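Below is one structure; the comments refer to it alone.
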Amino acid sequence: MANQAQATQLDSLFRPVDRNRLSEEIRERPSLGYWQEVWQRVCRNKLAMIGFFLLMAVVTLSIIGPMLVPHSAHEQSLTKGNLPLSGEHWFGTDDLGRDMWARTWVGGQISLFIGVAAAAIDLVIGVCIGGISGYMAGRNKLGDRVDNILMRLAEILYSIPYLLVVILLMVVLEPGLATIIIALSLTGWVGMARLVRGQIMQIKRQEFVLAAEKLGTSHAKIIIKHLLPNTIGVIIVNLTFTIPHAIFAESFLSFLGLGVQAPTASWGTMANDALAVMLSGQWWRLFFPGFMISLTMFACNALGDGLQDALDPRIRK
(Lines give C-alpha, C1' and ligand atoms only; values in the text may rest on other atoms or scores of the structure.)
Protein backbone atom coordinates (compact mmCIF):
# COMPACT_ATOMS: atom_id res chain seq x y z
CA MET A 1 0.00 0.00 0.00
CA ALA A 2 2.83 2.32 0.85
CA ASN A 3 4.47 1.70 -2.52
CA GLN A 4 1.19 2.30 -4.30
CA ALA A 5 0.64 5.60 -2.45
CA GLN A 6 4.18 6.66 -3.26
CA ALA A 7 3.68 5.82 -6.93
CA THR A 8 0.45 7.81 -7.00
CA GLN A 9 2.23 10.79 -5.47
CA LEU A 10 5.04 10.59 -8.03
CA ASP A 11 2.50 10.39 -10.87
CA SER A 12 0.87 13.59 -9.62
CA LEU A 13 4.23 15.33 -9.61
CA PHE A 14 5.32 14.18 -13.06
CA ARG A 15 2.38 14.64 -15.36
CA PRO A 16 2.83 14.70 -19.14
CA VAL A 17 2.90 18.15 -20.67
CA ASP A 18 0.36 19.19 -23.25
CA ARG A 19 2.58 20.01 -26.23
CA ASN A 20 -0.04 22.18 -27.92
CA ARG A 21 -0.52 24.27 -24.78
CA LEU A 22 3.25 24.59 -24.28
CA SER A 23 3.80 25.76 -27.86
CA GLU A 24 1.01 28.35 -27.46
CA GLU A 25 2.66 29.68 -24.26
CA ILE A 26 6.00 29.96 -26.03
CA ARG A 27 4.42 31.84 -28.94
CA GLU A 28 2.55 34.20 -26.60
CA ARG A 29 5.62 34.94 -24.48
CA PRO A 30 7.23 38.14 -25.85
CA SER A 31 10.83 37.80 -26.98
CA LEU A 32 13.13 40.26 -25.25
CA GLY A 33 16.04 42.01 -26.85
CA TYR A 34 19.52 42.16 -25.37
CA TRP A 35 19.08 45.54 -23.67
CA GLN A 36 15.58 44.67 -22.43
CA GLU A 37 17.04 41.64 -20.66
CA VAL A 38 19.83 43.78 -19.21
CA TRP A 39 17.33 46.34 -17.92
CA GLN A 40 15.25 43.61 -16.28
CA ARG A 41 18.34 42.28 -14.50
CA VAL A 42 19.24 45.79 -13.34
CA CYS A 43 15.68 46.30 -12.05
CA ARG A 44 16.01 43.12 -9.98
CA ASN A 45 19.22 44.47 -8.41
CA LYS A 46 18.03 46.61 -5.48
CA LEU A 47 21.39 48.32 -4.92
CA ALA A 48 21.63 49.29 -8.60
CA MET A 49 18.13 50.76 -8.58
CA ILE A 50 18.90 52.72 -5.41
CA GLY A 51 22.00 54.09 -7.14
CA PHE A 52 20.03 54.92 -10.29
CA PHE A 53 17.30 56.88 -8.48
CA LEU A 54 19.80 58.68 -6.25
CA LEU A 55 21.81 59.71 -9.31
CA MET A 56 18.67 60.91 -11.10
CA ALA A 57 17.72 62.90 -7.99
CA VAL A 58 21.12 64.59 -7.87
CA VAL A 59 21.01 65.42 -11.59
CA THR A 60 17.42 66.69 -11.40
CA LEU A 61 18.08 68.89 -8.37
CA SER A 62 21.25 70.24 -9.97
CA ILE A 63 19.07 71.45 -12.84
CA ILE A 64 15.98 72.73 -11.05
CA GLY A 65 17.31 73.22 -7.50
CA PRO A 66 18.46 76.85 -7.92
CA MET A 67 15.03 77.74 -9.30
CA LEU A 68 13.24 76.52 -6.16
CA VAL A 69 14.47 79.42 -4.01
CA PRO A 70 14.30 83.19 -4.59
CA HIS A 71 18.01 83.63 -3.85
CA SER A 72 20.77 83.64 -6.44
CA ALA A 73 23.84 81.47 -5.96
CA HIS A 74 26.01 84.61 -6.31
CA GLU A 75 23.84 87.09 -4.41
CA GLN A 76 25.84 88.48 -1.46
CA SER A 77 24.56 89.98 1.78
CA LEU A 78 27.11 90.56 4.53
CA THR A 79 24.36 91.00 7.10
CA LYS A 80 23.23 87.40 6.46
CA GLY A 81 26.65 85.75 6.67
CA ASN A 82 26.93 82.23 8.13
CA LEU A 83 23.23 81.86 8.95
CA PRO A 84 22.17 78.34 10.00
CA LEU A 85 19.48 76.30 8.27
CA SER A 86 16.11 78.04 8.21
CA GLY A 87 12.91 78.35 6.23
CA GLU A 88 14.45 81.19 4.23
CA HIS A 89 17.81 79.52 3.65
CA TRP A 90 17.32 75.75 3.55
CA PHE A 91 21.03 74.94 3.64
CA GLY A 92 22.07 78.10 5.50
CA THR A 93 24.43 80.76 4.10
CA ASP A 94 28.19 81.16 3.73
CA ASP A 95 30.39 83.95 5.08
CA LEU A 96 29.33 86.29 2.25
CA GLY A 97 25.62 85.66 2.85
CA ARG A 98 25.20 83.56 -0.28
CA ASP A 99 22.45 80.95 -0.19
CA MET A 100 24.00 77.50 0.27
CA TRP A 101 21.05 75.66 -1.30
CA ALA A 102 21.43 77.53 -4.57
CA ARG A 103 25.23 77.27 -4.49
CA THR A 104 25.12 73.55 -3.78
CA TRP A 105 23.09 72.80 -6.89
CA VAL A 106 24.88 75.31 -9.12
CA GLY A 107 28.09 73.70 -7.91
CA GLY A 108 26.56 70.34 -8.80
CA GLN A 109 26.07 71.52 -12.37
CA ILE A 110 29.77 72.38 -12.65
CA SER A 111 31.01 69.19 -10.97
CA LEU A 112 28.71 66.92 -12.98
CA PHE A 113 29.62 68.70 -16.22
CA ILE A 114 33.33 68.20 -15.58
CA GLY A 115 32.81 64.54 -14.68
CA VAL A 116 30.70 63.78 -17.77
CA ALA A 117 32.94 65.79 -20.13
CA ALA A 118 36.13 64.12 -18.89
CA ALA A 119 34.49 60.68 -19.12
CA ALA A 120 33.30 61.40 -22.68
CA ILE A 121 36.80 62.34 -23.80
CA ASP A 122 38.20 59.23 -22.09
CA LEU A 123 35.57 57.21 -23.93
CA VAL A 124 36.45 58.53 -27.39
CA ILE A 125 40.23 58.30 -27.01
CA GLY A 126 40.19 55.01 -25.12
CA VAL A 127 37.82 53.24 -27.51
CA CYS A 128 39.74 54.41 -30.59
CA ILE A 129 43.18 53.44 -29.29
CA GLY A 130 42.01 50.24 -27.61
CA GLY A 131 40.00 49.17 -30.67
CA ILE A 132 42.85 49.73 -33.12
CA SER A 133 45.43 48.14 -30.84
CA GLY A 134 43.35 45.06 -30.08
CA TYR A 135 42.39 44.47 -33.70
CA MET A 136 45.89 44.97 -35.12
CA ALA A 137 47.66 42.81 -32.52
CA GLY A 138 48.84 39.49 -33.97
CA ARG A 139 47.77 40.18 -37.55
CA ASN A 140 51.21 40.82 -39.03
CA LYS A 141 54.47 42.60 -38.23
CA LEU A 142 52.96 46.02 -38.90
CA GLY A 143 49.98 45.22 -36.70
CA ASP A 144 52.23 44.06 -33.86
CA ARG A 145 54.29 47.23 -34.20
CA VAL A 146 51.18 49.43 -34.01
CA ASP A 147 49.93 47.50 -30.98
CA ASN A 148 53.32 47.77 -29.24
CA ILE A 149 53.58 51.52 -29.82
CA LEU A 150 50.06 52.24 -28.57
CA MET A 151 50.36 49.97 -25.52
CA ARG A 152 53.83 51.24 -24.56
CA LEU A 153 52.40 54.78 -24.67
CA ALA A 154 49.53 53.69 -22.46
CA GLU A 155 51.86 51.93 -20.02
CA ILE A 156 54.11 55.00 -19.73
CA LEU A 157 51.13 57.22 -18.92
CA TYR A 158 49.69 54.60 -16.57
CA SER A 159 52.94 54.41 -14.62
CA ILE A 160 52.85 58.14 -13.82
CA PRO A 161 50.75 59.02 -10.74
CA TYR A 162 47.44 60.30 -12.03
CA LEU A 163 46.94 63.19 -9.62
CA LEU A 164 50.57 64.27 -10.00
CA VAL A 165 50.09 64.78 -13.75
CA VAL A 166 46.83 66.65 -13.19
CA ILE A 167 48.32 68.90 -10.50
CA LEU A 168 51.37 69.72 -12.67
CA LEU A 169 49.15 70.65 -15.60
CA MET A 170 46.91 72.80 -13.42
CA VAL A 171 50.00 74.64 -12.13
CA VAL A 172 51.50 75.14 -15.60
CA LEU A 173 48.29 76.02 -17.46
CA GLU A 174 45.78 78.72 -16.60
CA PRO A 175 43.12 77.35 -14.21
CA GLY A 176 39.65 76.92 -15.68
CA LEU A 177 37.03 74.38 -16.69
CA ALA A 178 38.75 73.54 -19.99
CA THR A 179 42.09 73.06 -18.25
CA ILE A 180 40.58 70.72 -15.65
CA ILE A 181 38.88 68.58 -18.32
CA ILE A 182 42.07 68.36 -20.40
CA ALA A 183 44.14 67.49 -17.32
CA LEU A 184 41.71 64.78 -16.21
CA SER A 185 41.54 63.31 -19.72
CA LEU A 186 45.29 63.25 -20.40
CA THR A 187 45.81 59.91 -18.66
CA GLY A 188 42.19 58.98 -17.90
CA TRP A 189 41.71 57.19 -21.23
CA VAL A 190 44.36 54.54 -20.48
CA GLY A 191 42.07 52.30 -18.44
CA MET A 192 39.35 52.41 -21.09
CA ALA A 193 41.85 51.59 -23.84
CA ARG A 194 43.22 48.56 -22.01
CA LEU A 195 39.75 47.19 -21.29
CA VAL A 196 38.57 47.63 -24.89
CA ARG A 197 41.78 46.08 -26.25
CA GLY A 198 41.35 43.00 -24.05
CA GLN A 199 37.73 42.52 -25.09
CA ILE A 200 38.47 42.93 -28.80
CA MET A 201 41.38 40.48 -28.69
CA GLN A 202 38.93 37.85 -27.42
CA ILE A 203 36.06 38.69 -29.77
CA LYS A 204 38.12 38.95 -32.97
CA ARG A 205 38.74 35.18 -32.85
CA GLN A 206 35.01 34.46 -33.08
CA GLU A 207 33.73 32.79 -36.24
CA PHE A 208 31.50 35.66 -37.33
CA VAL A 209 34.50 38.02 -37.32
CA LEU A 210 36.66 35.56 -39.25
CA ALA A 211 33.82 35.08 -41.75
CA ALA A 212 33.55 38.84 -42.27
CA GLU A 213 37.30 38.99 -42.95
CA LYS A 214 37.08 36.15 -45.48
CA LEU A 215 34.27 38.00 -47.26
CA GLY A 216 36.56 40.98 -47.72
CA THR A 217 34.92 43.32 -45.22
CA SER A 218 37.13 46.33 -44.50
CA HIS A 219 39.00 46.55 -41.21
CA ALA A 220 37.19 49.74 -40.21
CA LYS A 221 33.77 48.15 -40.81
CA ILE A 222 34.70 45.03 -38.83
CA ILE A 223 35.81 47.14 -35.88
CA ILE A 224 32.78 49.46 -35.96
CA LYS A 225 30.07 46.93 -36.86
CA HIS A 226 31.21 43.69 -35.22
CA LEU A 227 33.80 44.37 -32.52
CA LEU A 228 32.91 47.61 -30.77
CA PRO A 229 29.19 46.75 -30.28
CA ASN A 230 30.30 43.68 -28.34
CA THR A 231 32.41 45.79 -25.98
CA ILE A 232 29.57 48.18 -25.14
CA GLY A 233 28.89 46.44 -21.83
CA VAL A 234 32.45 46.93 -20.60
CA ILE A 235 32.41 50.53 -21.86
CA ILE A 236 29.18 51.43 -20.02
CA VAL A 237 30.33 49.85 -16.77
CA ASN A 238 33.68 51.61 -16.99
CA LEU A 239 31.93 54.95 -17.60
CA THR A 240 29.87 54.58 -14.43
CA PHE A 241 33.16 54.39 -12.51
CA THR A 242 34.99 57.06 -14.55
CA ILE A 243 32.42 59.81 -13.93
CA PRO A 244 32.57 59.73 -10.09
CA HIS A 245 36.36 59.42 -10.25
CA ALA A 246 36.54 62.60 -12.34
CA ILE A 247 34.10 64.39 -9.99
CA PHE A 248 36.23 63.46 -6.99
CA ALA A 249 39.43 64.55 -8.76
CA GLU A 250 37.88 67.94 -9.63
CA SER A 251 36.65 68.38 -6.07
CA PHE A 252 40.07 67.50 -4.70
CA LEU A 253 41.81 69.96 -7.03
CA SER A 254 39.31 72.69 -6.26
CA PHE A 255 39.69 71.98 -2.54
CA LEU A 256 43.44 72.57 -2.97
CA GLY A 257 42.77 75.79 -4.89
CA LEU A 258 44.01 74.35 -8.20
CA GLY A 259 40.67 73.60 -9.84
CA VAL A 260 37.59 75.74 -10.35
CA GLN A 261 38.33 79.27 -9.25
CA ALA A 262 36.12 81.60 -7.20
CA PRO A 263 33.54 83.00 -7.57
CA THR A 264 32.46 80.01 -9.69
CA ALA A 265 30.84 77.42 -7.45
CA SER A 266 31.61 73.73 -7.46
CA TRP A 267 31.44 71.19 -4.68
CA GLY A 268 35.23 71.38 -4.37
CA THR A 269 35.39 75.18 -4.12
CA MET A 270 32.58 75.16 -1.57
CA ALA A 271 34.54 72.67 0.55
CA ASN A 272 37.61 74.85 0.18
CA ASP A 273 35.68 77.91 1.36
CA ALA A 274 34.41 75.95 4.37
CA LEU A 275 37.90 74.87 5.42
CA ALA A 276 38.54 78.10 7.32
CA VAL A 277 35.37 77.75 9.43
CA MET A 278 35.46 74.01 10.14
CA LEU A 279 36.11 74.64 13.85
CA SER A 280 33.78 77.63 14.17
CA GLY A 281 30.48 75.75 14.31
CA GLN A 282 29.29 76.37 10.71
CA TRP A 283 29.07 72.64 10.02
CA TRP A 284 26.65 73.09 7.10
CA ARG A 285 29.33 74.85 5.06
CA LEU A 286 31.30 71.62 4.62
CA PHE A 287 28.59 69.03 5.18
CA PHE A 288 26.41 69.68 2.14
CA PRO A 289 29.11 69.80 -0.60
CA GLY A 290 30.91 66.85 1.01
CA PHE A 291 27.67 64.89 1.27
CA MET A 292 26.81 65.53 -2.38
CA ILE A 293 30.24 64.34 -3.52
CA SER A 294 29.89 61.16 -1.45
CA LEU A 295 26.29 60.57 -2.53
CA THR A 296 27.12 60.95 -6.22
CA MET A 297 30.09 58.61 -5.98
CA PHE A 298 28.00 56.02 -4.12
CA ALA A 299 25.15 56.24 -6.63
CA CYS A 300 27.44 55.84 -9.65
CA ASN A 301 29.38 52.96 -8.11
CA ALA A 302 26.20 51.15 -7.04
CA LEU A 303 24.75 51.53 -10.51
CA GLY A 304 28.02 50.38 -12.06
CA ASP A 305 28.11 47.25 -9.90
CA GLY A 306 24.53 46.45 -10.87
CA LEU A 307 25.26 46.91 -14.56
CA GLN A 308 28.34 44.75 -14.29
CA ASP A 309 26.24 41.90 -12.88
CA ALA A 310 23.39 42.45 -15.33
CA LEU A 311 25.26 42.67 -18.62
CA ASP A 312 25.19 39.32 -20.37
CA PRO A 313 28.65 38.36 -21.69
CA ARG A 314 27.27 36.60 -24.72
CA ILE A 315 28.44 37.72 -28.14
CA ARG A 316 26.01 39.67 -30.36
CA LYS A 317 26.77 38.98 -34.02
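Order determines the names: the first chain of the C-alpha coordinates is A, the second B, and so forth; residues in each chain are numbered 1 upward, and ligands are numbered 1 upward as they are shown.
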For this session: Pick out the residues sitting within 12 Å of range 184-188 of chain A, and hand them over as a PyMOL selection string; count only C-alpha atoms, and ignore anything fewer than 5 positions along from it in its own chain.
Result: chain A and resi 114-126+153-170+177-179+193-194+238-239+241-243+245-253+259
Problem set entry | Selection: 10 Å around range 287-303 of chain A, only C-alpha atoms, excl. self and same-chain fewer than 5 positions, as a count of residues only | 50
Exercise. How many Å separate CA of Val190 in chain A from CA of Tyr135 in chain A?
Worked result: 16.7 Å
Problem set entry | Distance in Å - CA of Ala212 in chain A versus CA of Glu37 in chain A |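 Between CA of Ala212 in chain A and CA of Glu37 in chain A the gap works out to 27.3 Å.
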For this session: Considering only C-alpha atoms, return as a VMD selection string whatever protein or nucleic-acid residues lie within 10 Å of Met136 in chain A, sequence-local ones (same chain, fewer than 3 positions apart) excluded.
Result: chain A and resid 130 to 133 139 to 148 197 200 to 201 219
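One finds CA of Asn82 in chain A at 4.7 Å from CA of Asp94 in chain A.
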For this session: Do a neighbour search on Leu227 in chain A at 12 Å with only C-alpha atoms, toss out local chain neighbours closer than 4 positions, and write the hits as a count of residues only.
Result: 33
